[in-house]
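All remarks here apply to the structure that follows.
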2 protein chains.
Amino acid sequence: MPTVAAKKKLAFPFELIRADLSRVEDEIREQARAFDPAVEGYVSYVCNTSGKRIRPALALLAGGACGGSNPDHRKLGTVLELIHIATLVHDDIMDGASVRRGMPTASAKWGNALSVLLGDCLFAHALTLTSEFEDRAISRKISQAAADVCQGEIIQTQRRFDLSLKVDEYLRIISMKTAALFASATELGARLSGASEEVQAGMREFGDALGTAYQIYDDCLDLVGDEAVVGKTLGTDLAKGKLTLPVLNLINRATDSQRAKINRMLLEKEPIELPVLAGIADYEGAIDAAVDFARDLLVGARKNLLPLGGNDFAEGLDRVVGYLDDLLVGCRR
Amino acid sequence: MPTVAAKKKLAFPFELIRADLSRVEDEIREQARAFDPAVEGYVSYVCNTSGKRIRPALALLAGGACGGSNPDHRKLGTVLELIHIATLVHDDIMDGASVRRGMPTASAKWGNALSVLLGDCLFAHALTLTSEFEDRAISRKISQAAADVCQGEIIQTQRRFDLSLKVDEYLRIISMKTAALFASATELGARLSGASEEVQAGMREFGDALGTAYQIYDDCLDLVGDEAVVGKTLGTDLAKGKLTLPVLNLINRATDSQRAKINRMLLEKEPIELPVLAGIADYEGAIDAAVDFARDLLVGARKNLLPLGGNDFAEGLDRVVGYLDDLLVGCRR
C-alpha cells in the first residue's frame, strides 16, 4: 500500500518577504540576549532549531497585503514564534519526545524540570515584548491567543481515547491549539497595517481556516504519510489517543461491529498496524472526507482575501492556500 | 534539641485592607469563568486553595500608603497572585509534590501533562489581564517580573548540589524567584497611586528586601522549623540540593575537613539527619548569621518607608516588616 510522499513543509512565496523574514530570524535569535547569561544558552538552543516560521511569514504577508508591513510586523512575528516555541518545549515534555527537527529536545538534553521553566521564560518574555506595541489591543489579543493554545491542548489531553468525541469538538480543539496563533498572525498583521475592523475580522477568519486546514493535513499525514519524507515518527497521535479527523470520520461511518473493532485497536492498546488502519480509513472514504473538509475550509479562506484587492501579497497568501491545497490532495490514495 | 515553633504565616494589618483583599479573593475566583468550561474546574481548584495572598496584600498596602488604592490595585493583586499560582502549579510538578496546603496538588490529581498546560493557561490569562492597564509600563514590568521568577528558578535548578555557590549568587536567585513579585506588588502599587518615580523606586527596593528576607526566613524554617507547626515536610530544600543561606554560611565557616563532612552529607546522599545538621549549623553560628543578614535587609526596607510620611498604610507596611522580623528572631535557638 503506497504511502503519501507529500512534503511536510508548507511553502511560502518567500520572494515577497525574504528580507523581512530573515530579520525576524535575527530578532528571534537576539531575544536570547534579553535573558540572564545562565539562561541564555538554553533559549538560544530552542530558538535556533530550524522552525518553519509559518506564523511570522503569515504576519508579514498579511501586513503587506493590507497596506505594507513595518517593524511592528516583525515584532509580531517574533512574539508569535516565541510563544509557539514555548508551547513546543512544553509539548515535548508531555509527549516524552526526544528529538525535534533532528535535534535532541530541551527535555531530552536538560530534563523536564528545566524545560518546564524554560518554556515559562519564553512565554513571559514573549508577552513582555507585546507590551511594546502602542496599541494595547495587540497585547491583549496575543495573550488571549496564548491562553487559547493552552486551553485547546488541555481539552485535547482530557479527551484522549474518548471515542465519543464529536467532530465539532475536535474542530474546536484544533482551532484553539493550532489555528489561534495563525489567526493572530493574519488578524494582527492586518491591524498593524491600519486595516479596517472588517478586514481584520476577515483576516482572522482566513488565519483560523488556514490553521485548521493545516492541522487536518498534519493529522492526515500522521496516518498516511511516509516517515522518511515527513521526517518524524508517524502514528503518534493514535498511540497517544489523540483522535484526528480521518479517524473520527472512520468511527462515524462504522457499523456497531466495526466500531467494536476500532475500539479494540485504539482502546485495548492492541499494537496498531498503521498501514492496515490507514488502508481501512482510505477504503471507507474517511481520509477523502477529511481532505474534502479541509479543502472546503480553504475555499472559505480564499473568499476572505477578495476584499484586499489583487496586490502581490494578497496573491502571495492565495498561493499559500494553494500550496496547502496541493498537500491535502496529495494525502488521497 | 528544640525546634522552632514559629508560625509560618506572615501576618498583615488586615483591618486596613480587609474589604479590598476580600474583593481580590472574589476576583481571583471569578477568573475561572474566563476559561473554557472544560478548563474552568481545574482553574477554580488551584485558585481556591487557601493561599496567603501576600502579593495582593502588599499591592493594596503600598497603594494605600502612596495616596490611596483604587480598583487597579485589586487587579494588580489578582494578576500577581495568578502568576504566583501558575508558578506553584509548575513547582509542584518539578518537586513531585503531592500535597500543598493540605490539598492534593494539580499534578497529583490530574498528572504532569495537564498541570504543565494548566500553569501555562494561568500565566497567559494573568498576562492578558495586564493589557487592561492604561499604563503599558505596568504590563511590561509584570511580564518582566514573571520572566525573572522563571529565570531565578532555572538558575536555582542549575546550581543544585553545587557547593561552590556563592552567597551573592544565592541572593540573586532568591531576589529573582521570590522577591520579584513582592517588588512588583509594592512598586506598581505605588505607581498606580501616582507616586513619584523616586517613591516607586524606593517601594521596589522595599519589596525586594522584604521578599528576600521572607525567602531567607523560609529557608531557615526548612532547616530548623517544626513540621507540625510549619505544616509541610521540612528538609526538602536540602534533599533536592537547594543550598540555602544557613547552609551556605555553614560551608563558608567550615575547615577543609569539615567541608568534606558536609560534602558527604549533601552530595553523597547519606540520609541527612536534619536535627543533627541543624544543630551543627546553630552551633557554628550559621543560622544566626542568616537571621542577622535578613534582619539587616529589613532595616534597609524600613528606610524606604520614611518618604511616605506617617500614614496608616505606611505604618501597616512597617508592621509587616516587624512581623517578619519577629519570625526571624524566632528562628534563633
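Identifiers for the C-alpha cells are assigned positionally: chains receive A, B, ... in sequence, residues are indexed from 1 per chain, and ligands are indexed from 1 in the order shown.
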I need the helix (DSSP H, G or I) residues of stretch 232-317 of chain A per DSSP on the backbone, written as a count of residues only. 62
Show me, as a count of residues only, the residues of chain B whose atoms get within 8 Å of chain A, using only C-alpha atoms for the distance check. 40
Please list as a list in words every residue within 10 Å of A:Glu205, counting only C-alpha atoms and excluding residues in the same chain fewer than 3 positions away. Ala179, Phe182, Ala183, Ser184, Thr186, Glu187, Val199, Gln200, Ala201, Gly202, Asp208, Ala209, Leu210, Gly211, Gly300, Ala301, Arg302, Lys303 and Asn304 of chain A
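Remark: for B:Tyr45, the closest of the candidate residues B:Arg100, B:Arg295, B:Arg23, B:Arg253 is B:Arg100 (distances computed over only C-alpha atoms).
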